file start.txt (compact mmCIF, C-alpha atoms)
# COMPACT_ATOMS: atom_id res chain seq x y z
CA MET A 1435 -9.55 20.20 43.60
CA ASN A 1436 -8.05 19.69 40.17
CA GLU A 1437 -9.38 16.54 38.57
CA ALA A 1438 -8.00 15.55 35.24
CA GLY A 1439 -10.25 13.58 32.96
CA PRO A 1440 -9.12 10.72 30.80
CA PRO A 1441 -6.37 11.65 28.38
CA THR A 1442 -7.73 12.79 25.06
CA SER A 1443 -6.08 11.73 21.86
CA PRO A 1444 -5.44 14.27 19.14
CA PRO A 1445 -8.12 14.52 16.45
CA LEU A 1446 -7.96 12.18 13.49
CA PRO A 1447 -6.16 13.53 10.45
CA ALA A 1448 -8.58 15.02 7.93
CA LEU A 1449 -9.26 13.08 4.76
CA PRO A 1450 -7.82 12.97 2.23
CA TRP A 1451 -4.61 12.28 4.13
CA HIS A 1452 -1.34 11.93 2.21
CA TYR A 1453 1.98 10.63 3.37
CA ARG A 1454 5.28 10.54 1.53
CA PRO A 1455 8.64 9.62 3.04
CA LEU A 1456 11.16 12.39 3.61
CA GLY A 1457 14.58 10.79 3.86
CA ILE A 1458 14.31 8.47 0.88
CA ARG A 1459 12.92 11.25 -1.34
CA VAL A 1460 15.79 13.56 -0.40
CA ALA A 1461 18.33 10.76 -0.97
CA ALA A 1462 16.83 9.73 -4.33
CA THR A 1463 16.66 13.32 -5.55
CA ALA A 1464 20.23 14.04 -4.45
CA MET A 1465 21.52 10.80 -6.00
CA GLY A 1466 19.72 11.47 -9.29
CA SER A 1467 21.05 15.02 -9.43
CA LEU A 1468 24.57 13.83 -8.69
CA MET A 1469 24.30 11.17 -11.39
CA VAL A 1470 23.15 13.69 -14.01
CA GLY A 1471 25.89 16.13 -13.00
CA ALA A 1472 28.56 13.42 -13.02
CA LEU A 1473 27.48 12.11 -16.42
CA VAL A 1474 27.57 15.55 -17.98
CA PHE A 1475 30.86 16.46 -16.27
CA PHE A 1476 32.68 13.27 -17.25
CA TRP A 1477 31.34 13.34 -20.81
CA LEU A 1478 32.49 16.93 -21.30
CA ALA A 1479 35.82 16.18 -19.57
CA LEU A 1480 36.65 13.53 -22.17
CA PRO A 1481 38.70 14.82 -25.06
CA GLY A 1482 36.71 15.19 -28.26
CA SER A 1483 38.77 12.49 -29.94
CA VAL A 1484 37.77 9.98 -27.24
CA ARG A 1485 34.08 10.98 -27.40
CA ASP A 1486 34.20 10.48 -31.18
CA GLU A 1487 35.34 6.86 -30.67
CA PHE A 1488 32.03 5.94 -29.00
CA THR A 1489 29.66 4.30 -31.46
CA ILE A 1490 25.97 5.14 -31.53
CA ALA A 1491 25.24 1.71 -29.98
CA GLN A 1492 27.68 2.38 -27.13
CA ARG A 1493 26.21 5.83 -26.48
CA LEU A 1494 22.66 4.43 -26.48
CA THR A 1495 23.70 1.61 -24.13
CA LEU A 1496 25.21 4.08 -21.66
CA LEU A 1497 22.11 6.27 -21.84
CA LEU A 1498 19.84 3.25 -21.36
CA ILE A 1499 21.75 2.12 -18.26
CA PHE A 1500 21.63 5.68 -16.95
CA ALA A 1501 17.88 5.92 -17.67
CA VAL A 1502 17.18 2.64 -15.83
CA MET A 1503 19.05 3.89 -12.76
CA LEU A 1504 17.13 7.19 -12.81
CA ALA A 1505 13.82 5.33 -13.27
CA PHE A 1506 14.62 3.20 -10.22
CA LEU A 1507 15.41 6.30 -8.13
CA PHE A 1508 12.21 7.97 -9.34
CA GLY A 1509 10.22 4.87 -8.40
CA ILE A 1510 11.62 4.91 -4.89
CA ALA A 1511 10.90 8.63 -4.53
CA ARG A 1512 7.26 8.24 -5.64
CA CYS A 1513 6.25 5.89 -2.80
CA ALA A 1514 3.15 7.28 -1.12
CA ILE A 1515 0.01 6.49 0.81
CA ARG A 1516 -3.26 8.32 0.24
CA ALA A 1517 -6.20 7.78 2.54
CA ASP A 1518 -9.63 9.00 1.45
CA ASP A 1519 -13.27 8.24 2.22
CA HIS A 1520 -13.11 4.95 0.30
CA GLY A 1521 -9.83 3.51 1.56
CA LEU A 1522 -6.12 3.55 0.89
CA ARG A 1523 -4.05 3.97 -2.24
CA VAL A 1524 -0.60 2.50 -1.57
CA VAL A 1525 2.17 3.28 -4.08
CA ASN A 1526 5.33 1.18 -3.72
CA VAL A 1527 7.87 2.05 -6.42
CA TYR A 1528 5.79 1.30 -9.55
CA LYS A 1529 3.12 -0.93 -8.00
CA VAL A 1530 -0.14 0.68 -6.93
CA ARG A 1531 -2.64 -1.09 -4.67
CA ARG A 1532 -6.09 0.20 -3.83
CA LEU A 1533 -7.58 -1.11 -0.56
CA GLU A 1534 -11.06 -0.49 0.77
CA TRP A 1535 -11.10 0.40 4.47
CA PRO A 1536 -12.52 -2.94 5.69
CA GLN A 1537 -9.70 -4.80 3.91
CA VAL A 1538 -7.04 -3.26 6.17
CA VAL A 1539 -6.80 -5.17 9.45
CA GLN A 1540 -3.74 -3.60 11.06
CA VAL A 1541 -0.91 -1.13 10.49
CA ARG A 1542 2.43 -1.76 12.16
CA LEU A 1543 5.95 -0.40 12.19
CA LEU A 1544 8.17 -2.29 14.60
CA ARG A 1545 11.51 -0.97 15.82
CA GLY A 1546 14.14 -1.83 13.22
CA ASP A 1547 11.64 -2.43 10.40
CA PRO A 1548 12.56 -0.71 7.13
CA TRP A 1549 8.93 0.37 6.52
CA ALA A 1550 5.41 -0.02 7.83
CA VAL A 1551 3.36 -3.10 6.99
CA LEU A 1552 -0.37 -3.36 6.36
CA ASP A 1553 -2.07 -6.61 7.37
CA VAL A 1554 -4.90 -7.32 4.95
CA ASP A 1555 -8.09 -9.31 5.58
CA ASP A 1556 -7.07 -12.06 3.12
CA GLY A 1557 -4.12 -12.97 5.37
CA THR A 1558 -1.47 -11.24 3.27
CA THR A 1559 0.64 -8.22 4.10
CA ILE A 1560 1.46 -5.18 2.01
CA LYS A 1561 4.60 -3.13 2.46
CA ALA A 1562 3.84 0.52 3.04
CA MET A 1563 7.16 1.84 1.74
CA ALA A 1564 5.94 5.41 2.09
CA ILE A 1565 6.38 5.11 5.85
CA GLN A 1566 10.13 4.50 6.12
CA GLY A 1567 11.49 3.46 9.51
CA SER A 1568 14.54 5.62 8.81
CA ASP A 1569 12.31 8.71 9.09
CA GLY A 1570 12.21 8.06 12.86
CA ARG A 1571 9.66 10.07 14.83
CA ARG A 1572 8.00 11.28 11.63
CA ALA A 1573 7.40 7.65 10.56
CA ARG A 1574 6.08 6.66 13.99
CA GLN A 1575 3.62 9.58 13.88
CA ALA A 1576 2.50 8.64 10.37
CA THR A 1577 2.01 5.02 11.47
CA GLU A 1578 -0.07 6.15 14.41
CA HIS A 1579 -2.18 8.46 12.21
CA LEU A 1580 -2.75 5.68 9.70
CA ARG A 1581 -3.52 3.17 12.47
CA ARG A 1582 -6.15 5.51 13.90
CA LEU A 1583 -7.67 6.13 10.47
CA VAL A 1584 -7.87 2.37 9.88
CA GLU A 1585 -9.50 1.80 13.27
CA GLU A 1586 -12.06 4.53 12.60
CA HIS A 1587 -12.92 3.64 9.00
CA SER A 1588 -12.56 -0.15 9.02
CA ARG A 1589 -15.33 -0.76 11.53
CA THR A 1590 -17.89 -3.30 10.47
CA PRO A 1591 -21.27 -4.06 12.11
CA ARG A 1592 -19.55 -6.98 13.93
CA ASP A 1593 -17.24 -4.49 15.69
CA ASP A 1594 -20.07 -2.57 17.37

call {"tool": "encode", "arguments": {"input": "start.txt", "output": "structure tokens"}}
result
Amino acid sequence: MNEAGPPTSPPLPALPWHYRPLGIRVAATAMGSLMVGALVFFWLALPGSVRDEFTIAQRLTLLLIFAVMLAFLFGIARCAIRADDHGLRVVNVYKVRRLEWPQVVQVRLLRGDPWAVLDVDDGTTIKAMAIQGSDGRRARQATEHLRRLVEEHSRTPRDD
């Protein structure tokens, strides 16, 4: 007789656990590279007489606009979640939030959501932009790993 026991879930991810999105990092890196290449190409393609007509202020303005666009792409690419013994470090573009384990109530990524959401004990939510819905199965696995880590580490004496 072959009796199967209850299904066992895979072991919890080891801490520290890091997650960074794949698709958005690839897209931001490709877009930034294309922008740098296009800027250099078009600048060099201009005749020298036209380049000489640009004033220092105009050149600096173009470089500033370009730098702001690259900084935005870099911010998107740096989104990450780090789970360690003390809690979570959530990086969304340039905002960093540190949450202790008991502060995190729930992790969810619903079908069609752009990214995962963390429900916090003060009634607010925090976007977890590191887990992008567009990453598909990879994002669902990361959400499940994070959910299991939260369940394991957010226990309080009331839960037992």

call {"tool": "residues_around", "arguments": {"input": "start.txt", "residues": "A:Met1503", "least_positions_apart": "6", "cutoff": "12 Å", "atoms": "only C-alpha atoms", "output": "list in words"}}
result
Ala1462, Met1465, Gly1466, Ser1467, Met1469, Val1470, Leu1496, Leu1497, Gly1509 and Ile1510 of chain A

call {"tool": "write_last_selection", "arguments": {"input": "start.txt", "atoms": "C-alpha atoms", "output": "PDB file, keeping the file's coordinate frame"}}
result
ATOM      1  CA  ALA A1462      16.830   9.730  -4.330  1.00  0.00           C
ATOM      2  CA  MET A1465      21.520  10.800  -6.000  1.00  0.00           C
ATOM      3  CA  GLY A1466      19.720  11.470  -9.290  1.00  0.00           C
ATOM      4  CA  SER A1467      21.050  15.020  -9.430  1.00  0.00           C
ATOM      5  CA  MET A1469      24.300  11.170 -11.390  1.00  0.00           C
ATOM      6  CA  VAL A1470      23.150  13.690 -14.010  1.00  0.00           C
ATOM      7  CA  LEU A1496      25.210   4.080 -21.660  1.00  0.00           C
ATOM      8  CA  LEU A1497      22.110   6.270 -21.840  1.00  0.00           C
ATOM      9  CA  GLY A1509      10.220   4.870  -8.400  1.00  0.00           C
ATOM     10  CA  ILE A1510      11.620   4.910  -4.890  1.00  0.00           C
TER      11      ILE A1510
END

call {"tool": "residues_near_point", "arguments": {"input": "start.txt", "point": "(5.6, 7.3, 3.1)", "cutoff": "6 Å", "atoms": "only C-alpha atoms", "output": "VMD selection string"}}
result
chain A and resid 1453 to 1455 1514 1563 to 1565

call {"tool": "closest_residue", "arguments": {"input": "start.txt", "among": "A:Arg1516, A:Phe1500, A:Arg1532, A:Val1551", "to": "A:Ala1472", "atoms": "all atoms listed in the file"}}
result
A:Phe1500

call {"tool": "closest_residue", "arguments": {"input": "start.txt", "among": "A:Asp1547, A:Glu1487, A:Glu1534, A:Glu1578", "to": "A:Leu1446", "atoms": "only C-alpha atoms"}}
result
A:Glu1578

call {"tool": "closest_residue", "arguments": {"input": "start.txt", "among": "A:Phe1508, A:Trp1535, A:Trp1477, A:Tyr1528", "to": "A:Ile1458", "atoms": "only C-alpha atoms"}}
result
A:Phe1508

call {"tool": "closest_residue", "arguments": {"input": "start.txt", "among": "A:Val1524, A:Thr1558, A:Ala1517, A:Leu1552", "to": "A:Ala1448", "atoms": "only C-alpha atoms"}}
result
A:Ala1517

call {"tool": "axis_aligned_box", "arguments": {"input": "start.txt", "around": "stretch 1498-1516 of chain A", "padding_each_side": "3 Å", "output": "AutoDock Vina command-line options"}}
result
--center_x 9.2 --center_y 5.4 --center_z -10.3 --size_x 31.0 --size_y 12.5 --size_z 28.2

call {"tool": "atom_distance", "arguments": {"input": "start.txt", "atom1": "atom CA of A:Arg1545", "atom2": "atom CA of A:Thr1577"}}
result
12.0 Å

call {"tool": "closest_residue", "arguments": {"input": "start.txt", "among": "A:Ser1588, A:Thr1463, A:Gln1492, A:Ser1483", "to": "A:His1520", "atoms": "only C-alpha atoms"}}
result
A:Ser1588

call {"tool": "residues_near_point", "arguments": {"input": "start.txt", "point": "(8.8, -2.5, 14.6)", "cutoff": "12 Å", "atoms": "all atoms listed in the file", "output": "PyMOL selection string"}}
result
chain A and resi 1541-1551+1565-1568+1570+1573-1574+1577

call {"tool": "atom_distance", "arguments": {"input": "start.txt", "atom1": "atom CA of A:Pro1450", "atom2": "atom CA of A:Lys1561"}}
result
20.3 Å

call {"tool": "atom_distance", "arguments": {"input": "start.txt", "atom1": "atom CA of A:Ala1562", "atom2": "atom CA of A:Arg1531"}}
result
10.2 Å

call {"tool": "closest_residue", "arguments": {"input": "start.txt", "among": "A:Arg1581, A:Asp1553, A:Leu1504, A:His1452", "to": "A:Val1525", "atoms": "only C-alpha atoms"}}
result
A:His1452

call {"tool": "residues_around", "arguments": {"input": "start.txt", "residues": "A:Val1538", "least_positions_apart": "5", "cutoff": "10 Å", "atoms": "all atoms listed in the file", "output": "list in words"}}
result
Gly1521, Leu1522, Leu1533, Leu1552, Asp1553, Val1554, Asp1555, Asp1556, Thr1559, Ile1560, Arg1581, Val1584, Glu1585, His1587 and Ser1588 of chain A

call {"tool": "decode", "arguments": {"input": "start.txt", "residues": "stretch 1477-1574 of chain A", "atoms": "C-alpha atoms", "output": "mmCIF file, in the first residue's frame"}}
result
data_model
loop_
_atom_site.group_PDB
_atom_site.id
_atom_site.type_symbol
_atom_site.label_atom_id
_atom_site.label_comp_id
_atom_site.auth_asym_id
_atom_site.auth_seq_id
_atom_site.Cartn_x
_atom_site.Cartn_y
_atom_site.Cartn_z
ATOM 1 C CA TRP A 1477 25.884 64.822 -31.556
ATOM 2 C CA LEU A 1478 28.699 63.472 -33.721
ATOM 3 C CA ALA A 1479 26.401 63.364 -36.778
ATOM 4 C CA LEU A 1480 25.800 67.111 -36.536
ATOM 5 C CA PRO A 1481 28.135 69.178 -38.659
ATOM 6 C CA GLY A 1482 30.770 70.989 -36.639
ATOM 7 C CA SER A 1483 29.319 74.352 -37.618
ATOM 8 C CA VAL A 1484 25.947 73.381 -36.097
ATOM 9 C CA ARG A 1485 27.556 72.029 -32.905
ATOM 10 C CA ASP A 1486 29.454 75.318 -32.565
ATOM 11 C CA GLU A 1487 26.143 77.236 -32.559
ATOM 12 C CA PHE A 1488 25.085 75.615 -29.272
ATOM 13 C CA THR A 1489 25.810 77.877 -26.324
ATOM 14 C CA ILE A 1490 27.239 76.539 -23.080
ATOM 15 C CA ALA A 1491 23.810 77.061 -21.442
ATOM 16 C CA GLN A 1492 22.087 75.054 -24.192
ATOM 17 C CA ARG A 1493 24.625 72.234 -23.920
ATOM 18 C CA LEU A 1494 24.271 72.136 -20.123
ATOM 19 C CA THR A 1495 20.466 72.128 -20.411
ATOM 20 C CA LEU A 1496 20.545 69.175 -22.804
ATOM 21 C CA LEU A 1497 22.961 67.308 -20.534
ATOM 22 C CA LEU A 1498 20.808 68.065 -17.478
ATOM 23 C CA ILE A 1499 17.664 66.736 -19.187
ATOM 24 C CA PHE A 1500 19.614 63.664 -20.276
ATOM 25 C CA ALA A 1501 20.997 63.158 -16.743
ATOM 26 C CA VAL A 1502 17.501 63.384 -15.209
ATOM 27 C CA MET A 1503 16.202 60.721 -17.607
ATOM 28 C CA LEU A 1504 19.147 58.428 -16.808
ATOM 29 C CA ALA A 1505 18.668 59.009 -13.066
ATOM 30 C CA PHE A 1506 15.013 58.002 -13.395
ATOM 31 C CA LEU A 1507 15.954 54.812 -15.272
ATOM 32 C CA PHE A 1508 18.612 54.031 -12.663
ATOM 33 C CA GLY A 1509 16.062 54.533 -9.890
ATOM 34 C CA ILE A 1510 13.664 52.094 -11.507
ATOM 35 C CA ALA A 1511 16.439 49.544 -12.005
ATOM 36 C CA ARG A 1512 17.547 49.727 -8.353
ATOM 37 C CA CYS A 1513 14.223 48.555 -6.890
ATOM 38 C CA ALA A 1514 14.882 45.675 -4.515
ATOM 39 C CA ILE A 1515 13.728 43.814 -1.444
ATOM 40 C CA ARG A 1516 16.137 42.413 1.126
ATOM 41 C CA ALA A 1517 14.909 40.176 3.905
ATOM 42 C CA ASP A 1518 17.201 39.489 6.853
ATOM 43 C CA ASP A 1519 16.876 38.402 10.479
ATOM 44 C CA HIS A 1520 15.498 41.800 11.505
ATOM 45 C CA GLY A 1521 12.961 42.442 8.744
ATOM 46 C CA LEU A 1522 12.658 43.875 5.273
ATOM 47 C CA ARG A 1523 14.478 46.625 3.429
ATOM 48 C CA VAL A 1524 12.247 47.783 0.558
ATOM 49 C CA VAL A 1525 13.821 50.009 -2.111
ATOM 50 C CA ASN A 1526 11.355 51.704 -4.477
ATOM 51 C CA VAL A 1527 13.163 53.972 -6.946
ATOM 52 C CA TYR A 1528 14.923 56.336 -4.493
ATOM 53 C CA LYS A 1529 12.806 55.711 -1.396
ATOM 54 C CA VAL A 1530 14.039 53.145 1.113
ATOM 55 C CA ARG A 1531 11.804 51.738 3.856
ATOM 56 C CA ARG A 1532 12.971 49.482 6.655
ATOM 57 C CA LEU A 1533 10.269 47.280 8.216
ATOM 58 C CA GLU A 1534 10.628 45.006 11.215
ATOM 59 C CA TRP A 1535 9.059 41.579 10.685
ATOM 60 C CA PRO A 1536 6.041 42.149 12.976
ATOM 61 C CA GLN A 1537 5.141 45.305 11.023
ATOM 62 C CA VAL A 1538 4.400 43.321 7.849
ATOM 63 C CA VAL A 1539 0.892 41.868 7.959
ATOM 64 C CA GLN A 1540 0.495 40.480 4.444
ATOM 65 C CA VAL A 1541 2.165 40.244 1.036
ATOM 66 C CA ARG A 1542 -0.010 40.122 -2.055
ATOM 67 C CA LEU A 1543 0.300 40.210 -5.820
ATOM 68 C CA LEU A 1544 -3.061 39.930 -7.525
ATOM 69 C CA ARG A 1545 -3.467 39.068 -11.189
ATOM 70 C CA GLY A 1546 -3.061 42.254 -13.213
ATOM 71 C CA ASP A 1547 -1.294 44.190 -10.438
ATOM 72 C CA PRO A 1548 1.830 46.027 -11.584
ATOM 73 C CA TRP A 1549 3.759 44.994 -8.440
ATOM 74 C CA ALA A 1550 3.369 43.296 -5.082
ATOM 75 C CA VAL A 1551 1.936 45.181 -2.116
ATOM 76 C CA LEU A 1552 2.873 44.892 1.543
ATOM 77 C CA ASP A 1553 0.109 45.499 4.087
ATOM 78 C CA VAL A 1554 1.609 47.099 7.181
ATOM 79 C CA ASP A 1555 0.346 46.928 10.770
ATOM 80 C CA ASP A 1556 -0.462 50.666 10.853
ATOM 81 C CA GLY A 1557 -3.132 50.146 8.169
ATOM 82 C CA THR A 1558 -1.054 51.482 5.282
ATOM 83 C CA THR A 1559 0.327 49.665 2.275
ATOM 84 C CA ILE A 1560 3.767 49.801 0.722
ATOM 85 C CA LYS A 1561 4.426 49.080 -2.929
ATOM 86 C CA ALA A 1562 7.027 46.378 -3.394
ATOM 87 C CA MET A 1563 8.163 47.487 -6.839
ATOM 88 C CA ALA A 1564 10.931 44.898 -6.825
ATOM 89 C CA ILE A 1565 8.313 42.209 -7.446
ATOM 90 C CA GLN A 1566 6.927 43.279 -10.826
ATOM 91 C CA GLY A 1567 3.783 41.538 -12.058
ATOM 92 C CA SER A 1568 5.254 41.636 -15.561
ATOM 93 C CA ASP A 1569 7.900 39.117 -14.434
ATOM 94 C CA GLY A 1570 5.115 36.484 -14.436
ATOM 95 C CA ARG A 1571 5.966 33.171 -12.796
ATOM 96 C CA ARG A 1572 9.179 34.595 -11.344
ATOM 97 C CA ALA A 1573 7.170 37.327 -9.570
ATOM 98 C CA ARG A 1574 4.585 34.848 -8.278
#
